[in-house]
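File shown here: run08.cif, holding mmCIF, C-alpha atoms.
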```cif
data_query
loop_
_atom_site.label_atom_id
_atom_site.label_comp_id
_atom_site.auth_asym_id
_atom_site.auth_seq_id
_atom_site.Cartn_x
_atom_site.Cartn_y
_atom_site.Cartn_z
CA MET A 18 -71.80 119.08 76.53
CA ARG A 19 -71.50 115.42 75.58
CA ASN A 20 -68.75 114.49 73.11
CA ARG A 21 -70.28 113.36 69.77
CA ASN A 22 -67.61 110.67 69.43
CA TYR A 23 -68.67 109.10 72.64
CA ILE A 24 -69.85 105.51 72.18
CA ARG A 25 -72.14 103.96 74.69
CA PRO A 26 -70.95 100.63 76.10
CA SER A 27 -74.17 98.93 74.95
CA HIS A 28 -73.15 99.45 71.29
CA LEU A 29 -69.65 97.98 71.56
CA GLY A 30 -70.79 94.41 71.01
CA LYS A 31 -72.44 95.21 67.70
CA ILE A 32 -69.45 97.16 66.36
CA ARG A 33 -66.87 94.47 67.23
CA SER A 34 -68.83 91.51 65.83
CA GLY A 35 -66.83 89.53 63.10
CA PHE A 36 -67.52 86.72 60.62
CA THR A 37 -69.55 83.77 61.71
CA LEU A 38 -68.26 80.20 61.33
CA VAL A 39 -70.69 79.57 58.46
CA GLU A 40 -69.42 82.64 56.58
CA LEU A 41 -65.80 81.53 57.04
CA LEU A 42 -66.59 78.06 55.73
CA VAL A 43 -68.32 79.53 52.67
CA VAL A 44 -65.27 81.71 51.92
CA LEU A 45 -62.92 78.74 52.31
CA ALA A 46 -65.09 76.62 49.98
CA ILE A 47 -65.05 79.36 47.32
CA ILE A 48 -61.25 79.64 47.60
CA ALA A 49 -60.89 75.84 47.22
CA ILE A 50 -63.09 75.80 44.11
CA LEU A 51 -61.21 78.68 42.51
CA THR A 52 -57.85 77.04 43.32
CA ALA A 53 -58.92 73.71 41.77
CA ALA A 54 -60.22 75.43 38.64
CA SER A 55 -57.05 77.49 38.17
CA THR A 56 -54.83 74.42 38.75
CA SER A 57 -56.71 72.43 36.11
CA ALA A 58 -56.49 75.29 33.63
CA PHE A 59 -52.76 75.70 34.32
CA GLN A 60 -52.11 71.97 33.77
CA SER A 61 -54.00 72.09 30.48
CA VAL A 62 -51.97 75.08 29.28
CA LEU A 63 -48.72 73.43 30.41
CA GLN A 64 -49.57 70.20 28.56
CA SER A 65 -50.38 72.11 25.39
CA SER A 66 -47.10 74.01 25.70
CA ASN A 67 -45.15 70.75 26.16
CA LEU A 68 -46.81 69.26 23.07
CA SER A 69 -45.87 72.32 21.03
CA GLN A 70 -42.30 72.19 22.31
CA ALA A 71 -41.99 68.46 21.55
CA GLY A 72 -43.53 68.89 18.10
CA GLN A 73 -41.10 71.69 17.28
CA THR A 74 -38.19 69.54 18.51
CA LEU A 75 -39.18 66.55 16.37
CA THR A 76 -39.71 68.76 13.32
CA GLU A 77 -36.36 70.49 13.79
CA GLU A 78 -34.51 67.18 14.12
CA ILE A 79 -36.05 65.79 10.93
CA ASN A 80 -35.27 69.03 9.07
CA LEU A 81 -31.71 68.94 10.43
CA ALA A 82 -31.33 65.34 9.21
CA ARG A 83 -32.42 66.44 5.75
CA GLN A 84 -29.98 69.36 5.74
CA ILE A 85 -27.05 67.19 6.87
CA ALA A 86 -27.87 64.49 4.32
CA SER A 87 -27.82 67.05 1.52
CA ALA A 88 -24.77 68.99 2.72
CA ARG A 89 -22.60 65.95 3.41
CA ASN A 90 -23.98 63.75 0.64
CA THR A 91 -24.68 60.95 3.08
CA THR A 92 -27.59 58.98 4.43
CA VAL A 93 -28.85 60.15 7.81
CA GLU A 94 -30.64 57.77 10.13
CA VAL A 95 -33.31 59.26 12.39
CA ARG A 96 -33.77 57.13 15.49
CA LEU A 97 -36.86 57.31 17.67
CA ILE A 98 -35.74 56.05 21.07
CA LYS A 99 -37.56 54.72 24.13
CA LEU A 100 -35.74 55.90 27.23
CA ALA A 101 -36.83 54.93 30.72
CA GLN A 102 -38.30 57.95 32.47
CA VAL A 103 -37.51 58.62 36.10
CA GLN A 104 -39.93 61.55 36.28
CA ASN A 105 -42.76 59.64 34.58
CA PRO A 106 -42.26 55.85 34.96
CA SER A 107 -45.70 55.05 33.54
CA ALA A 108 -44.98 56.82 30.22
CA THR A 109 -45.04 54.57 27.14
CA GLY A 110 -43.83 55.57 23.71
CA TYR A 111 -40.77 57.05 22.06
CA ASN A 112 -39.42 59.99 24.02
CA ALA A 113 -36.06 60.86 22.43
CA ILE A 114 -34.57 61.49 18.97
CA GLN A 115 -30.99 61.08 17.75
CA LEU A 116 -29.35 61.36 14.33
CA PHE A 117 -26.74 58.91 12.98
CA ARG A 118 -24.68 58.44 9.80
CA PRO A 119 -22.96 55.40 8.26
CA PRO A 120 -19.20 55.05 8.83
CA THR A 121 -17.03 56.65 6.17
CA PRO A 122 -14.90 54.45 3.85
CA SER A 123 -11.81 55.21 5.95
CA GLU A 124 -13.68 54.33 9.14
CA THR A 125 -14.88 51.11 7.54
CA GLU A 126 -11.32 50.19 6.52
CA ALA A 127 -10.31 50.73 10.12
CA GLY A 128 -12.90 48.19 11.17
CA ALA A 129 -15.85 50.41 12.07
CA THR A 130 -19.27 48.96 11.24
CA ALA A 131 -21.67 50.74 13.60
CA MET A 132 -23.59 53.88 12.75
CA VAL A 133 -21.93 57.06 14.03
CA ALA A 134 -23.87 59.56 16.14
CA LEU A 135 -24.08 63.03 14.62
CA ALA A 136 -25.23 64.73 17.81
CA GLN A 137 -26.42 64.01 21.32
CA ARG A 138 -29.88 62.62 21.95
CA VAL A 139 -32.66 65.15 22.22
CA ILE A 140 -35.13 64.21 24.94
CA LEU A 141 -38.78 65.28 24.82
CA PRO A 142 -40.61 66.77 27.82
CA SER A 143 -41.48 63.99 30.29
CA SER A 144 -45.22 64.50 29.80
CA VAL A 145 -45.06 63.88 26.01
CA VAL A 146 -44.18 60.83 23.86
CA ILE A 147 -44.32 59.84 20.20
CA SER A 148 -47.30 57.51 19.99
CA GLN A 149 -46.59 53.79 19.53
CA ASP A 150 -49.90 53.27 17.73
CA SER A 151 -49.11 52.65 14.06
CA SER A 152 -52.69 52.68 12.82
CA ASN A 153 -54.10 56.02 13.95
CA TYR A 154 -51.27 58.17 15.26
CA SER A 155 -47.87 57.07 13.90
CA GLN A 156 -48.42 55.38 10.55
CA LEU A 157 -44.71 55.70 9.75
CA LEU A 158 -44.05 52.90 12.24
CA PHE A 159 -46.33 50.58 10.27
CA GLU A 160 -45.06 51.70 6.87
CA ALA A 161 -41.48 51.05 7.92
CA ALA A 162 -42.35 47.65 9.40
CA LEU A 163 -40.07 48.73 12.20
CA ASN A 164 -39.22 46.31 14.96
CA PRO A 165 -37.63 48.02 17.95
CA THR A 166 -33.86 47.45 18.00
CA ALA A 167 -31.59 47.69 21.02
CA MET A 168 -28.95 50.40 21.35
CA THR A 169 -26.54 51.25 24.15
CA VAL A 170 -27.34 54.26 26.31
CA PRO A 171 -25.80 55.49 29.56
CA GLY A 172 -26.86 53.12 32.30
CA GLY A 173 -27.95 50.29 30.03
CA SER A 174 -29.80 49.90 26.74
CA ALA A 175 -32.90 51.26 25.05
CA SER A 176 -35.00 50.17 22.10
CA TYR A 177 -35.42 52.35 19.03
CA ALA A 178 -37.04 52.50 15.61
CA ALA A 179 -35.48 54.33 12.67
CA PHE A 180 -35.93 55.67 9.17
CA HIS A 181 -33.44 57.16 6.71
CA ILE A 182 -33.22 60.40 4.77
CA MET A 183 -31.12 60.28 1.60
CA PRO A 184 -29.02 63.17 0.19
CA SER A 185 -31.76 63.82 -2.39
CA GLY A 186 -34.36 64.10 0.36
CA LEU A 187 -35.96 60.73 -0.34
CA VAL A 188 -37.19 58.97 2.77
CA GLN A 189 -36.35 55.29 3.13
CA VAL A 190 -37.95 52.86 5.52
CA MET A 191 -36.75 49.40 6.44
CA ASN A 192 -39.00 46.61 5.22
CA GLY A 193 -37.32 43.83 7.09
CA ILE A 194 -33.64 44.46 6.32
CA ILE A 195 -34.16 45.96 2.85
CA PRO A 196 -34.42 49.78 2.66
CA ILE A 197 -37.27 50.90 0.43
CA GLN A 198 -38.65 54.31 -0.49
CA SER A 199 -42.13 55.15 0.71
CA THR A 200 -44.22 56.85 -1.96
CA THR A 201 -47.38 57.32 0.09
CA MET A 202 -47.58 60.83 1.50
CA SER A 203 -50.31 59.91 3.96
CA ALA A 204 -48.23 57.07 5.41
CA LEU A 205 -45.28 59.02 6.74
CA TYR A 206 -46.46 60.73 9.90
CA LEU A 207 -45.78 60.64 13.62
CA SER A 208 -47.97 61.96 16.42
CA LEU A 209 -46.88 63.40 19.74
CA VAL A 210 -49.41 62.74 22.49
CA PRO A 211 -49.63 63.10 26.28
CA ALA A 212 -47.59 60.28 27.83
CA ILE A 213 -50.65 58.53 29.25
CA TYR A 214 -51.92 58.01 25.68
CA GLY A 215 -48.65 56.56 24.35
CA GLN A 216 -50.20 53.15 23.63
CA THR A 217 -53.78 54.10 22.91
CA SER A 218 -55.22 52.89 19.60
CA THR A 219 -58.46 54.83 19.94
CA ALA A 220 -59.08 56.87 16.80
CA PRO A 221 -58.80 60.65 17.16
CA GLY A 222 -62.11 62.24 18.10
CA SER A 223 -63.46 59.09 19.75
CA ALA A 224 -64.16 58.65 23.43
CA GLY A 225 -60.93 57.94 25.29
CA ALA A 226 -58.69 59.48 22.62
CA PRO A 227 -56.36 62.38 23.44
CA ALA A 228 -58.08 65.71 22.89
CA ASN A 229 -54.78 67.35 22.05
CA TYR A 230 -51.88 66.02 19.96
CA PHE A 231 -49.23 67.23 17.52
CA LEU A 232 -48.88 65.49 14.15
CA VAL A 233 -45.71 65.73 12.04
CA GLN A 234 -45.97 64.58 8.42
CA ILE A 235 -42.93 63.89 6.23
CA ASN A 236 -42.88 64.24 2.45
CA PRO A 237 -41.43 60.92 1.15
CA ASN A 238 -39.85 62.58 -1.90
CA THR A 239 -38.25 65.65 -0.35
CA GLY A 240 -38.01 64.93 3.39
CA THR A 241 -39.74 68.22 4.20
CA THR A 242 -42.15 68.35 7.11
CA SER A 243 -45.59 69.78 7.77
CA VAL A 244 -47.47 69.88 11.07
CA TYR A 245 -51.07 69.64 12.19
CA ARG A 246 -52.82 70.43 15.48
CA PRO A 247 -56.49 69.51 16.09
#
```
Final structure tokens representation of the file:
Amino acid sequence: MRNRNYIRPSHLGKIRSGFTLVELLVVLAIIAILTAASTSAFQSVLQSSNLSQAGQTLTEEINLARQIASARNTTVEVRLIKLAQVQNPSATGYNAIQLFRPPTPSETEAGATAMVALAQRVILPSSVVISQDSSNYSQLLFEAALNPTAMTVPGGSASYAAFHIMPSGLVQVMNGIIPIQSTTMSALYLSLVPAIYGQTSTAPGSAGAPANYFLVQINPNTGTTSVYRP
């Protein structure tokens, strides 16, 4: 009796046949498309996460400045600093924040005149900057009439712009060399944008404008902050 598991040699070719070259190429093309789509989605999520992190950092630093000003009964200077980026050399805009205070009377008597750092600089993620555009994204820079000033940093110098928070919470900007209080709520805001949009002046919502940004608004009378995401 013939074994039922017996396979005739003439059938072996059909059973062992694999994928054709065309089928393999189709599979590879599908894998490439899926990989590109997932990479793009991941980059978008990562950018949004970096914006949120940077926005939270800026908000926390401004709130900390307000708390220190009130607790110590002193003026606190909030500096927005432009540091050179090794990871992202093409980035333009302010990418670090640091808080300063005036020298105390005893420090002044000892000859100190420079502002004193309250803490180390806080650096934003390399893919995010505070927009330089003072018309659509960072009106505070226009309101303060701020001209970038040089400060010493490790390895050289960096330019910065600054505003002040008083013990009462009032926000002062520098109009030339004279500190003045800003009374326009809509004028005191800063926007964090992807680094490639650091210098763009295209209005939000227009072609070429960043689709995602993080806006921090400061109350000129209390120094409190509020945030907005499109």
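Residues within 12 Å of A:Leu81, counting all atoms listed in the file and excluding same-chain residues fewer than 5 positions away, are Gln73, Thr74, Leu75, Thr76, Ala86, Ser87, Ala88, Arg89, Val93, Glu94, Val95, Ile114, Gln115, Leu116, Phe117, Leu135, Ala136, Ile182, Gly186, Gly240, Thr241 and Thr242 of chain A.
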So which one's closest to A:Arg96, A:Phe180, A:Leu158, A:Asn229, A:Val39? Using all atoms listed in the file, please.
->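 Comparing A:Phe180, A:Leu158, A:Asn229, A:Val39 against A:Arg96, the winner is A:Phe180.
The interatomic distance for the pair atom CA of A:Gln189 and atom CA of A:Ser143 works out to 29.0 Å.
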Give me, please, the distance in Å between atom CA of A:Pro221 and atom CA of A:Tyr245, quoted to one decimal.
->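 Result for atom CA of A:Pro221 versus atom CA of A:Tyr245: 12.9 Å, one decimal.
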Which polymer residues have any atom within 12 Å of an atom of A:Ser69, counting only C-alpha atoms, with same-chain residues fewer than 4 positions away left out, as a list in words?
->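 What passes the distance filter is Val62, Leu63, Gln64, Ser65, Gln73, Thr74, Leu75, Thr76, Leu141, Pro142, Ser144, Val145, Val146, Ser208, Leu209, Val210, Pro211, Asn229, Tyr230, Phe231, Leu232, Val233, Val244, Tyr245 and Arg246 of chain A.
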